[in-house]
$ cat start_26.cif   # mmCIF, C-alpha atoms
data_model
#
loop_
_atom_site.label_atom_id
_atom_site.label_comp_id
_atom_site.auth_asym_id
_atom_site.auth_seq_id
_atom_site.Cartn_x
_atom_site.Cartn_y
_atom_site.Cartn_z
CA MET T 12 -11.64 -0.91 -7.72
CA LYS T 13 -10.08 1.28 -5.03
CA LEU T 14 -6.39 1.57 -4.16
CA ALA T 15 -5.27 3.50 -1.05
CA VAL T 16 -1.72 4.85 -0.84
CA VAL T 17 -0.40 5.83 2.59
CA THR T 18 2.82 7.84 2.57
CA ALA T 19 4.63 9.07 5.69
CA GLY T 20 7.20 11.41 4.16
CA LEU T 21 7.85 14.55 6.19
CA THR T 22 9.51 16.83 3.63
CA GLN T 23 8.18 18.43 0.48
CA PRO T 24 9.14 17.28 -2.07
CA SER T 25 9.51 13.84 -0.52
CA SER T 26 11.30 10.78 -1.88
CA THR T 27 8.77 8.72 0.10
CA ARG T 28 5.89 10.31 -1.82
CA LEU T 29 7.80 9.89 -5.08
CA LEU T 30 8.20 6.17 -4.44
CA ALA T 31 4.53 5.88 -3.46
CA ASP T 32 3.47 7.59 -6.70
CA ARG T 33 5.64 5.31 -8.84
CA LEU T 34 4.29 2.22 -7.14
CA ALA T 35 0.68 3.38 -7.60
CA GLU T 36 1.34 4.17 -11.26
CA ALA T 37 2.89 0.74 -11.82
CA VAL T 38 -0.01 -1.07 -10.14
CA THR T 39 -2.65 0.80 -12.13
CA HIS T 40 -0.74 0.26 -15.38
CA ARG T 41 -0.35 -3.47 -14.81
CA THR T 42 -3.97 -3.88 -13.78
CA ALA T 43 -5.17 -2.04 -16.87
CA THR T 44 -2.87 -4.06 -19.13
CA ALA T 45 -3.95 -7.38 -17.63
CA THR T 46 -7.66 -6.62 -17.97
CA GLY T 47 -7.49 -5.01 -21.39
CA THR T 48 -8.82 -1.62 -20.27
CA GLU T 49 -6.03 0.16 -22.14
CA THR T 50 -7.28 -1.27 -25.44
CA GLY T 51 -10.96 -1.05 -24.58
CA THR T 52 -11.52 -4.81 -24.60
CA ARG T 53 -12.87 -4.85 -21.06
CA THR T 54 -14.48 -2.30 -18.81
CA GLY T 55 -15.19 -1.84 -15.14
CA THR T 56 -11.68 -2.57 -13.80
CA GLU T 57 -10.21 0.92 -13.63
CA ILE T 58 -8.50 1.76 -10.34
CA GLU T 59 -9.44 4.78 -8.24
CA VAL T 60 -6.30 5.87 -6.36
CA ARG T 61 -6.53 7.80 -3.08
CA VAL T 62 -3.28 9.13 -1.56
CA ILE T 63 -3.15 9.80 2.19
CA GLU T 64 -0.32 12.14 3.20
CA LEU T 65 0.25 11.45 6.89
CA ARG T 66 2.26 14.66 7.26
CA ASP T 67 -0.99 16.59 6.85
CA LEU T 68 -2.71 14.44 9.51
CA ALA T 69 0.00 14.47 12.21
CA VAL T 70 -1.90 16.75 14.62
CA ASP T 71 -5.18 14.92 13.97
CA ILE T 72 -3.54 11.58 14.78
CA ALA T 73 -2.02 12.96 17.99
CA ASN T 74 -5.38 14.41 19.07
CA ASN T 75 -7.02 11.04 18.44
CA PHE T 76 -4.71 9.42 20.98
CA VAL T 77 -5.60 12.09 23.57
CA THR T 78 -9.36 12.27 22.98
CA GLY T 79 -10.02 8.75 21.75
CA PHE T 80 -11.99 10.08 18.77
CA PRO T 81 -10.86 10.88 15.21
CA ASN T 82 -11.89 14.22 13.73
CA GLY T 83 -13.47 14.53 10.30
CA ARG T 84 -10.24 14.58 8.29
CA LEU T 85 -8.82 11.55 10.07
CA ARG T 86 -12.12 9.65 9.76
CA GLU T 87 -12.04 10.28 6.03
CA ALA T 88 -8.47 8.96 5.75
CA ILE T 89 -9.30 5.89 7.84
CA ALA T 90 -12.34 5.19 5.66
CA ALA T 91 -10.24 5.49 2.50
CA VAL T 92 -7.87 2.81 3.80
CA THR T 93 -10.44 0.43 5.25
CA GLU T 94 -12.75 0.60 2.22
CA ALA T 95 -9.97 0.16 -0.35
CA ASP T 96 -9.49 -3.10 -2.23
CA GLY T 97 -5.72 -2.81 -1.84
CA LEU T 98 -3.12 -0.72 0.00
CA ILE T 99 0.35 0.65 -0.71
CA ALA T 100 2.12 1.71 2.50
CA VAL T 101 5.38 3.69 2.30
CA THR T 102 7.47 5.07 5.16
CA PRO T 103 10.87 6.68 5.61
CA ILE T 104 13.19 4.62 7.78
CA PHE T 105 14.19 6.31 11.05
CA SER T 106 16.54 4.61 13.55
CA GLY T 107 16.26 1.31 11.71
CA SER T 108 12.46 1.13 11.64
CA TYR T 109 9.28 2.79 10.35
CA SER T 110 8.59 6.36 11.40
CA GLY T 111 6.56 7.12 14.51
CA LEU T 112 3.97 8.94 12.40
CA PHE T 113 3.54 5.89 10.15
CA LYS T 114 3.07 3.55 13.13
CA SER T 115 0.73 5.98 14.88
CA PHE T 116 -1.65 6.05 11.92
CA PHE T 117 -1.96 2.28 11.81
CA ASP T 118 -2.36 2.24 15.60
CA VAL T 119 -5.59 4.24 15.30
CA LEU T 120 -7.11 1.72 12.87
CA ASP T 121 -9.32 -1.03 14.20
CA ASN T 122 -7.22 -4.18 14.50
CA THR T 123 -9.49 -5.97 12.02
CA ALA T 124 -9.56 -3.17 9.43
CA LEU T 125 -6.86 -4.68 7.20
CA ALA T 126 -7.75 -8.35 7.63
CA GLY T 127 -7.37 -10.07 4.25
CA LYS T 128 -6.49 -6.84 2.44
CA PRO T 129 -3.66 -7.02 -0.16
CA VAL T 130 -0.81 -4.73 0.90
CA LEU T 131 2.42 -3.65 -0.78
CA ILE T 132 5.02 -2.36 1.69
CA ALA T 133 7.82 0.04 0.76
CA ALA T 134 10.32 2.36 2.39
CA THR T 135 12.95 4.99 1.70
CA GLY T 136 16.21 5.77 3.46
CA GLY T 137 19.62 7.31 3.12
CA THR T 138 21.50 4.04 2.72
CA ALA T 139 20.73 0.54 1.49
CA ARG T 140 21.83 -0.83 4.88
CA HIS T 141 18.38 0.03 6.27
CA SER T 142 16.49 -2.07 3.72
CA LEU T 143 16.08 -4.96 6.18
CA ALA T 144 13.68 -2.77 8.17
CA LEU T 145 11.04 -3.82 5.65
CA GLU T 146 11.36 -7.42 6.80
CA HIS T 147 11.94 -7.01 10.54
CA ALA T 148 9.57 -4.07 11.13
CA LEU T 149 6.97 -3.44 8.39
CA ARG T 150 6.17 -7.01 7.38
CA PRO T 151 5.54 -8.15 10.99
CA LEU T 152 3.34 -5.09 11.58
CA PHE T 153 1.02 -5.91 8.69
CA ALA T 154 1.14 -9.62 9.44
CA TYR T 155 -0.13 -8.76 12.93
CA LEU T 156 -2.95 -6.77 11.30
CA ARG T 157 -3.73 -9.89 9.24
CA ALA T 158 -3.16 -8.21 5.89
CA VAL T 159 -2.00 -10.20 2.85
CA VAL T 160 1.44 -8.70 2.22
CA VAL T 161 2.96 -9.26 -1.24
CA PRO T 162 6.33 -11.08 -1.26
CA THR T 163 8.33 -8.26 -2.82
CA ALA T 164 8.98 -5.24 -0.59
CA VAL T 165 10.47 -2.16 -2.24
CA TYR T 166 13.26 -0.11 -0.67
CA ALA T 167 14.73 3.01 -2.27
CA ALA T 168 18.00 4.45 -0.99
CA SER T 169 19.32 7.89 -1.90
CA GLU T 170 21.49 6.48 -4.71
CA ASP T 171 18.44 4.94 -6.39
CA TRP T 172 17.19 8.39 -7.37
CA GLY T 173 20.41 9.67 -8.96
CA GLY T 174 22.01 9.41 -12.38
CA GLY T 175 18.90 10.13 -14.42
CA ARG T 176 18.16 6.44 -14.90
CA ASP T 177 14.78 5.20 -16.08
CA ALA T 178 12.79 4.27 -12.96
CA PHE T 179 11.30 1.23 -14.71
CA THR T 180 14.50 -0.26 -16.17
CA ASP T 181 17.07 0.19 -13.39
CA GLY T 182 17.27 -1.93 -10.23
CA LEU T 183 14.65 0.12 -8.41
CA GLY T 184 12.37 -0.03 -11.41
CA GLU T 185 12.64 -3.80 -11.54
CA ARG T 186 11.65 -4.07 -7.88
CA ILE T 187 8.75 -1.67 -8.41
CA GLY T 188 7.55 -3.70 -11.39
CA ARG T 189 7.78 -7.02 -9.58
CA ALA T 190 5.92 -5.74 -6.50
CA ALA T 191 3.30 -4.08 -8.71
CA ASP T 192 2.73 -7.35 -10.57
CA GLU T 193 2.15 -9.13 -7.27
CA LEU T 194 -0.30 -6.56 -5.92
CA ALA T 195 -2.13 -6.32 -9.24
CA GLY T 196 -2.45 -10.12 -9.26
CA LEU T 197 -4.05 -10.11 -5.83
CA LEU T 198 -6.40 -7.27 -6.75
CA LEU T 199 -7.52 -9.03 -9.92
CA HIS T 200 -8.04 -12.38 -8.21
CA ARG T 201 -10.12 -11.08 -5.33
CA ALA T 202 -13.71 -12.28 -5.41
CA PRO T 203 -16.01 -9.84 -7.27
CA GLY T 204 -17.99 -7.64 -4.94
CA ALA T 205 -15.99 -8.63 -1.87
CA ARG T 206 -16.54 -5.29 -0.17
CA ARG T 207 -19.14 -5.54 2.59
CA ASP T 208 -21.05 -2.50 1.42
CA GLU T 209 -21.65 -3.97 -2.05
CA GLU T 210 -22.70 -7.53 -1.25
CA ASP T 211 -25.10 -9.06 1.22
CA GLU T 212 -22.75 -11.98 1.68
CA GLU T 213 -18.97 -11.59 1.68
CA ARG T 214 -17.07 -14.12 -0.36
CA VAL T 215 -13.79 -15.52 0.97
CA VAL T 216 -10.93 -16.24 -1.44
CA PRO T 217 -9.30 -19.59 -0.61
CA PHE T 218 -5.65 -19.42 0.46
CA GLU T 219 -4.56 -21.45 -2.58
CA GLN T 220 -6.11 -18.86 -4.89
CA GLN T 221 -4.34 -16.05 -3.04
CA LEU T 222 -1.01 -17.83 -3.55
CA ALA T 223 -1.77 -18.36 -7.23
CA ALA T 224 -2.58 -14.66 -7.58
CA LEU T 225 0.97 -13.74 -6.55
CA ARG T 226 2.31 -14.97 -9.86
CA PRO T 227 3.34 -12.05 -12.13
CA VAL T 228 0.59 -10.71 -14.37
CA GLU T 229 1.34 -11.70 -17.97
#

$ encode --input "start_26.cif" --output "structure tokens"
Amino acid sequence: MKLAVVTAGLTQPSSTRLLADRLAEAVTHRTATATGTETGTRTGTEIEVRVIELRDLAVDIANNFVTGFPNGRLREAIAAVTEADGLIAVTPIFSGSYSGLFKSFFDVLDNTALAGKPVLIAATGGTARHSLALEHALRPLFAYLRAVVVPTAVYAASEDWGGGRDAFTDGLGERIGRAADELAGLLLHRAPGARRDEEDEERVVPFEQQLAALRPVE
């Protein structure tokens, strides 16, 4: 099972990357717990995580808009996202919306590349006042791309990182855990072998099953 993580942080270290890493860790942990891979009772459900740092691809993305063709590095990043079973997408909030770099990357994808793909959206910002950008900017973007976006979006403001609190017991940690449960549920309920390159015939998961998969993993 493949999980792609797209992070659009511009600084290093980056709170956007930190949030992306914590989300990926929570999803892999919950998937392993639900399938018994941690205790060795079931095999074949480990998650391969691929992180795409858009900061490193900024020039490649800009050149793609000018030339109309992605170079090797950008093609590899696009393939990692389109071939993944699920996606975590995290952006800093600038001027009340996602960053231009974040939007530019998803603009270079084919408009059918994310159709039916489970996606967890998240963002970081200086103040909690910008958290609504997840609902009025990111969620409509991925809805337009026909992705299956989990109900819980995760926003981390500057104050969420302070005080030395446990990231999985404080308010941020609770949101991370809830969103991770929802994405893990969708990943685990997807039809086996749904990727086009592994099956001659793609199986479609009924909408009712997708809704059922959003229940927290027990």

$ atom_distance --input "start_26.cif" --atom1 "CA of Lys13 in chain T" --atom2 "CA of Gly97 in chain T"
6.8 Å

$ residues_around --input "start_26.cif" --residues "range 32-40 of chain T" --least-positions-apart "4" --cutoff "10 Å" --atoms "all atoms listed in the file" --output "PyMOL selection string"
chain T and resi 14-16+18+26-28+44-45+48-49+56-62+98-101+131-133+165+178-179+184+186-196+198

$ write_last_selection --input "start_26.cif" --atoms "C-alpha atoms" --output "PDB file, in the coordinates of the input"
ATOM      1  CA  LEU T  14      -6.390   1.570  -4.160  1.00  0.00           C
ATOM      2  CA  ALA T  15      -5.270   3.500  -1.050  1.00  0.00           C
ATOM      3  CA  VAL T  16      -1.720   4.850  -0.840  1.00  0.00           C
ATOM      4  CA  THR T  18       2.820   7.840   2.570  1.00  0.00           C
ATOM      5  CA  SER T  26      11.300  10.780  -1.880  1.00  0.00           C
ATOM      6  CA  THR T  27       8.770   8.720   0.100  1.00  0.00           C
ATOM      7  CA  ARG T  28       5.890  10.310  -1.820  1.00  0.00           C
ATOM      8  CA  THR T  44      -2.870  -4.060 -19.130  1.00  0.00           C
ATOM      9  CA  ALA T  45      -3.950  -7.380 -17.630  1.00  0.00           C
ATOM     10  CA  THR T  48      -8.820  -1.620 -20.270  1.00  0.00           C
ATOM     11  CA  GLU T  49      -6.030   0.160 -22.140  1.00  0.00           C
ATOM     12  CA  THR T  56     -11.680  -2.570 -13.800  1.00  0.00           C
ATOM     13  CA  GLU T  57     -10.210   0.920 -13.630  1.00  0.00           C
ATOM     14  CA  ILE T  58      -8.500   1.760 -10.340  1.00  0.00           C
ATOM     15  CA  GLU T  59      -9.440   4.780  -8.240  1.00  0.00           C
ATOM     16  CA  VAL T  60      -6.300   5.870  -6.360  1.00  0.00           C
ATOM     17  CA  ARG T  61      -6.530   7.800  -3.080  1.00  0.00           C
ATOM     18  CA  VAL T  62      -3.280   9.130  -1.560  1.00  0.00           C
ATOM     19  CA  LEU T  98      -3.120  -0.720   0.000  1.00  0.00           C
ATOM     20  CA  ILE T  99       0.350   0.650  -0.710  1.00  0.00           C
ATOM     21  CA  ALA T 100       2.120   1.710   2.500  1.00  0.00           C
ATOM     22  CA  VAL T 101       5.380   3.690   2.300  1.00  0.00           C
ATOM     23  CA  LEU T 131       2.420  -3.650  -0.780  1.00  0.00           C
ATOM     24  CA  ILE T 132       5.020  -2.360   1.690  1.00  0.00           C
ATOM     25  CA  ALA T 133       7.820   0.040   0.760  1.00  0.00           C
ATOM     26  CA  VAL T 165      10.470  -2.160  -2.240  1.00  0.00           C
ATOM     27  CA  ALA T 178      12.790   4.270 -12.960  1.00  0.00           C
ATOM     28  CA  PHE T 179      11.300   1.230 -14.710  1.00  0.00           C
ATOM     29  CA  GLY T 184      12.370  -0.030 -11.410  1.00  0.00           C
ATOM     30  CA  ARG T 186      11.650  -4.070  -7.880  1.00  0.00           C
ATOM     31  CA  ILE T 187       8.750  -1.670  -8.410  1.00  0.00           C
ATOM     32  CA  GLY T 188       7.550  -3.700 -11.390  1.00  0.00           C
ATOM     33  CA  ARG T 189       7.780  -7.020  -9.580  1.00  0.00           C
ATOM     34  CA  ALA T 190       5.920  -5.740  -6.500  1.00  0.00           C
ATOM     35  CA  ALA T 191       3.300  -4.080  -8.710  1.00  0.00           C
ATOM     36  CA  ASP T 192       2.730  -7.350 -10.570  1.00  0.00           C
ATOM     37  CA  GLU T 193       2.150  -9.130  -7.270  1.00  0.00           C
ATOM     38  CA  LEU T 194      -0.300  -6.560  -5.920  1.00  0.00           C
ATOM     39  CA  ALA T 195      -2.130  -6.320  -9.240  1.00  0.00           C
ATOM     40  CA  GLY T 196      -2.450 -10.120  -9.260  1.00  0.00           C
ATOM     41  CA  LEU T 198      -6.400  -7.270  -6.750  1.00  0.00           C
TER      42      LEU T 198
END

$ closest_residue --input "start_26.cif" --among "T:Leu29, T:Leu65, T:Ala134, T:Leu112" --to "Leu149 in chain T" --atoms "only C-alpha atoms"
T:Ala134

$ closest_residue --input "start_26.cif" --among "T:Ala73, T:Ala148, T:Ala158, T:Ala90" --to "Ser108 in chain T" --atoms "all atoms listed in the file"
T:Ala148

$ atom_distance --input "start_26.cif" --atom1 "CA of Thr138 in chain T" --atom2 "CA of Asp67 in chain T"
26.1 Å

$ closest_residue --input "start_26.cif" --among "T:Asp71, T:Asp96, T:Glu146, T:Glu64" --to "Gly127 in chain T" --atoms "all atoms listed in the file"
T:Asp96

$ atom_distance --input "start_26.cif" --atom1 "CA of Ser106 in chain T" --atom2 "CA of Ser25 in chain T"
18.2 Å
